[in-house]
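The block underneath contains the structure these notes are about, expressed in structure tokens.
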Amino acid sequence: DWRELVAVQGGNGGVDWLRTPEATARWLKLEPLRPVPAPDVVGSSGAGQRLGATQATTYALNEIEVEPLAFGADATVFVEAVAKENRRGLYPRGFFGEQSYWTLVGVDGGGESGLIGEDGAIELRRAGPSIEPFVVDNGRLITWADVNIAQGLKNGELPIPSVTWTADDWTLKITSFADGQADQAQLWGRYDLTNTSSRPRSLTLALAARPMQVNAPRQFLAIPGGVSSVETIAWDGAELKLNDTLRVQPLATPDHVSLATFDAGSDPQSLILPSAWRPAVEALTTTDATGLAGGALTYEVTLQPGETRTVGWVSQLSGEDLAPEPMGQAAAVLDTVETRLAAEWREKLDRVELTLPPAAQRIEDALKSSLAHM
């Protein structure tokens with residue numbers, strides 16, 4: 001008797017990575033269920049094809065490979081294996097076996113916190129999924145692996161961390177901070193995209209919701225790092241909802257929204273394709289039993305020389321959801337919260353004064369930022 005091992009739902013015709021349960025069998029049967037009609041063909045698609053002629057609907061399997069049991073031991077090990085077969089940068093650094101540094105983002109005395117990684121991904125809460133930025137420049141997807149990266153704190157000492165990507169003609173500064181009280185806190189993400197060239201630039205900024213922690217697979221922060229399951233992801237026209245519990249409200253309406261299961265392509269290369277885009281006014285929901293669903297909010301940005309475009313989001317860290325922030329005023333809202341928060345931290349940290357030579361300023365900064373994190 002045949003029994004179903006795994007089924008692909010909504011496959012996009014590329015490579016399908018299938019994590020199957022442990023099983024023993026003598027035979028493996030592939031059962032194509034429903035072909036996807038091919039689009040009109042142009043010239044070189046196949047022998048005998050004519051420009052504008054409709055290609056016959058067919059199935060094709062180029063290769064099949066059975067991996068050892070360890071390949072799918074758990075979701076994290078599985079994604080690590082997939083990452084290593086892909087271009088560096090399409091997955092977080094930790095999934096390539098590299099050391100990944102991060103810092104906590106939270107409020108004074110709060111029991112819940114987010115993380116921001118050295119490459120700019122922001123974990124929405126402890127062991128939760130993350131928001132990771134990507135930029136499309138002249139049709140090429142730019143990741144953390146394609147830019148120069150620097151990290152810093154506001155004024156060198158305040159617990160408001162930032163990560164800056166520097167490319168040839170633009171920079172992207174990612175900042176995260178938490179605001180509120182211990183029992184009613186919000187996590188903020190800010191993205192400042194700046195044209196540093198002498199000519200106008202058109203770029204696409206994509207903020208991808210990914211089923212992965214900033215805390216890497218080989219790190220242990222009270223709980224194991226790695227994958228953070230996202231079985232349901234939804235967009236209601238105003239906010240992104242992950243697993244019905246995490247809500248991410250963008251402060252600027254995206255130009256497009258894309259959601260996908262793992263089978264259909266929840267990787268950034270698939271999510272930023274125009275064929276995956278849906279209008280931001282459209283309500284969308286995707287459910288994925290593998291827990292590897294993903295999505296992206298994309299912004300089409302045209303910048304004059306020296307111009308900066310700011311977008312961002314807010315998510316509840318603890319307590320009840322607050323009233324929605326006004327859309328379309330990202331820079332003003334973020335400036336207000338960040339300025340107020342910086343003043344609050346200065347008032348707490350400046351109660352102790354150190355007298356040091358100018359060359360030792362970094363020592364004072366390190367002491368104050370350490371005190372803030374304690």
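Just remember, in the structure tokens the first chain shown is A, the second B, etc., residues are 1-based per chain, and ligands are 1-based in the order shown.
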Close residues, region 104-121 of chain A itself excluded, 8 Å, only C-alpha atoms, min 3 positions apart in chain, as a compact mmCIF listing (two decimals) with C-alpha atoms, in the first residue's frame:
# COMPACT_ATOMS: atom_id res chain seq x y z
CA SER A 100 26.26 36.09 14.43
CA TYR A 101 26.36 38.97 16.91
CA LEU A 124 10.13 40.77 17.12
CA ARG A 125 10.26 39.16 20.56
CA ARG A 126 12.16 36.45 22.38
CA SER A 130 12.21 38.55 12.43
CA ILE A 131 11.98 41.40 9.95
CA GLU A 132 14.95 41.45 7.57
CA PRO A 133 15.69 44.19 5.01
CA TRP A 144 23.75 41.85 3.95
CA ILE A 149 28.19 47.01 7.31
CA GLN A 151 27.09 49.04 13.79
CA PRO A 159 20.79 51.69 24.03
CA ILE A 160 19.33 52.63 20.64
CA PRO A 161 21.31 50.41 18.24
CA SER A 162 21.67 50.87 14.50
CA VAL A 163 23.18 48.99 11.58
CA THR A 164 24.26 50.82 8.42
CA ILE A 174 18.42 50.29 10.26
CA SER A 176 15.57 49.63 16.48
CA PHE A 177 14.35 50.78 19.89
CA ALA A 178 11.69 49.93 22.45
CA ASP A 179 9.38 52.43 24.11
CA GLY A 180 6.86 52.32 26.94
CA GLN A 181 6.61 50.65 30.33
CA ALA A 182 7.62 47.16 31.37
CA ASP A 183 4.04 45.90 31.07
CA ALA A 185 6.01 48.19 25.59
CA LEU A 187 9.22 47.63 19.53
CA VAL A 214 18.07 36.66 15.07
CA ASN A 215 19.42 34.30 17.73
CA LEU A 317 6.32 43.75 22.87
CA SER A 318 4.07 43.46 25.92
CA ALA A 372 21.57 50.65 30.37
CA HIS A 373 21.51 46.99 29.37
Per-residue nearest contacts region 114-187 of chain A to region 83-92 of chain A, cut-off 8 Å, using only C-alpha atoms, as JSON lines:
{"residue": "A:Thr143", "atom": "CA", "partner": "A:Gly89", "partner_atom": "CA", "distance": 5.3}
{"residue": "A:Trp144", "atom": "CA", "partner": "A:Gly89", "partner_atom": "CA", "distance": 5.8}
{"residue": "A:Ala145", "atom": "CA", "partner": "A:Gly89", "partner_atom": "CA", "distance": 4.9}
{"residue": "A:Asp146", "atom": "CA", "partner": "A:Gly89", "partner_atom": "CA", "distance": 7.6}
Print the selection's residues with N, CA and C atoms to a file, as a PDB file, in the first residue's frame.
ATOM      1  N   THR A 143      21.742  41.940  -0.471  1.00  0.00           N
ATOM      2  CA  THR A 143      21.586  41.398   0.873  1.00  0.00           C
ATOM      3  C   THR A 143      22.710  41.905   1.767  1.00  0.00           C
ATOM      4  N   TRP A 144      22.686  41.465   3.018  1.00  0.00           N
ATOM      5  CA  TRP A 144      23.748  41.847   3.952  1.00  0.00           C
ATOM      6  C   TRP A 144      25.125  41.425   3.460  1.00  0.00           C
ATOM      7  N   ALA A 145      25.189  40.393   2.623  1.00  0.00           N
ATOM      8  CA  ALA A 145      26.478  39.889   2.159  1.00  0.00           C
ATOM      9  C   ALA A 145      27.063  40.720   1.023  1.00  0.00           C
ATOM     10  N   ASP A 146      26.300  41.677   0.500  1.00  0.00           N
ATOM     11  CA  ASP A 146      26.733  42.446  -0.671  1.00  0.00           C
ATOM     12  C   ASP A 146      27.127  43.880  -0.344  1.00  0.00           C
TER      13      ASP A 146
END
- Message: Residues near Pro326 (chain A), anyone? I mean within 9 Å using only C-alpha atoms, not counting same-chain ones fewer than 4 positions away, as a PyMOL selection string.
- Response: chain A and resi 251-252+330+333
- Message: Set the distance at 12 Å and use only C-alpha atoms: which residues neighbour Gly128 (chain A) once local chain neighbours fewer than 6 positions away are removed? I'd like the list as number ranges by chain.
- Response: A: 112-115, 121-122, 209-216, 223-230, 242-243, 245-247, 317
- Item | For CA of Asp169 (chain A) and CA of Ala206 (chain A), the interatomic separation in Å (one decimal) |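 Computed distance, CA of Asp169 (chain A) to CA of Ala206 (chain A), equals 17.6 Å.
Reported to one decimal place, the separation of CA of Ala150 (chain A) from CA of Leu303 (chain A) is 22.5 Å.
All residues of protein, DNA or RNA that reach within 9 Å of Asp255 (chain A), judged by only C-alpha atoms and not counting those fewer than 5 positions away in the chain, are A:Trp277, A:Arg278, A:Pro279, A:Ala280, A:Leu297, A:Thr298, A:Tyr299, A:Glu300.
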- Selection near Val248 (chain A), 8 Å with only C-alpha atoms, sequence-local residues under 5 positions removed, as a list in words: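 With the cut-off at 8 Å, the set is Glu239, Leu240, Lys241, Trp313, Val314, Ser315 and Gln316 of chain A.
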Residues of the last selection are to be written out with N, CA and C atoms, as a PDB file, in the first residue's frame.
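Saved to selection_0.pdb:
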ATOM      1  N   GLU A 239      -1.857  46.081   8.582  1.00  0.00           N
ATOM      2  CA  GLU A 239      -0.822  45.465   9.407  1.00  0.00           C
ATOM      3  C   GLU A 239      -0.581  44.026   8.986  1.00  0.00           C
ATOM      4  N   LEU A 240       0.618  43.569   9.310  1.00  0.00           N
ATOM      5  CA  LEU A 240       1.015  42.195   9.046  1.00  0.00           C
ATOM      6  C   LEU A 240       0.839  41.404  10.335  1.00  0.00           C
ATOM      7  N   LYS A 241       0.195  40.249  10.236  1.00  0.00           N
ATOM      8  CA  LYS A 241      -0.075  39.444  11.424  1.00  0.00           C
ATOM      9  C   LYS A 241       0.596  38.089  11.255  1.00  0.00           C
ATOM     10  N   TRP A 313       8.148  50.536  11.175  1.00  0.00           N
ATOM     11  CA  TRP A 313       7.025  49.754  11.692  1.00  0.00           C
ATOM     12  C   TRP A 313       7.064  49.757  13.214  1.00  0.00           C
ATOM     13  N   VAL A 314       5.968  49.346  13.810  1.00  0.00           N
ATOM     14  CA  VAL A 314       5.881  49.206  15.261  1.00  0.00           C
ATOM     15  C   VAL A 314       5.162  47.905  15.572  1.00  0.00           C
ATOM     16  N   SER A 315       5.601  47.224  16.631  1.00  0.00           N
ATOM     17  CA  SER A 315       5.000  45.961  17.049  1.00  0.00           C
ATOM     18  C   SER A 315       4.936  45.930  18.568  1.00  0.00           C
ATOM     19  N   GLN A 316       3.885  45.330  19.088  1.00  0.00           N
ATOM     20  CA  GLN A 316       3.711  45.287  20.539  1.00  0.00           C
ATOM     21  C   GLN A 316       4.644  44.247  21.156  1.00  0.00           C
TER      22      GLN A 316
END
- Task: Please provide the set of residues having any atom within 8 Å of Asn12 (chain A), restricted to only C-alpha atoms, with same-chain residues fewer than 6 positions apart removed, written as a PyMOL selection string.
- Result: chain A and resi 263-265
- Any idea what the distance is between CA of Ala208 (chain A) and CA of Leu271 (chain A)? 8.2 Å
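When only C-alpha atoms are used to measure the gap to Thr287 (chain A), the shortest distance among A:Ile233, A:Asp321, A:Asp74, A:Gly306 belongs to A:Ile233.
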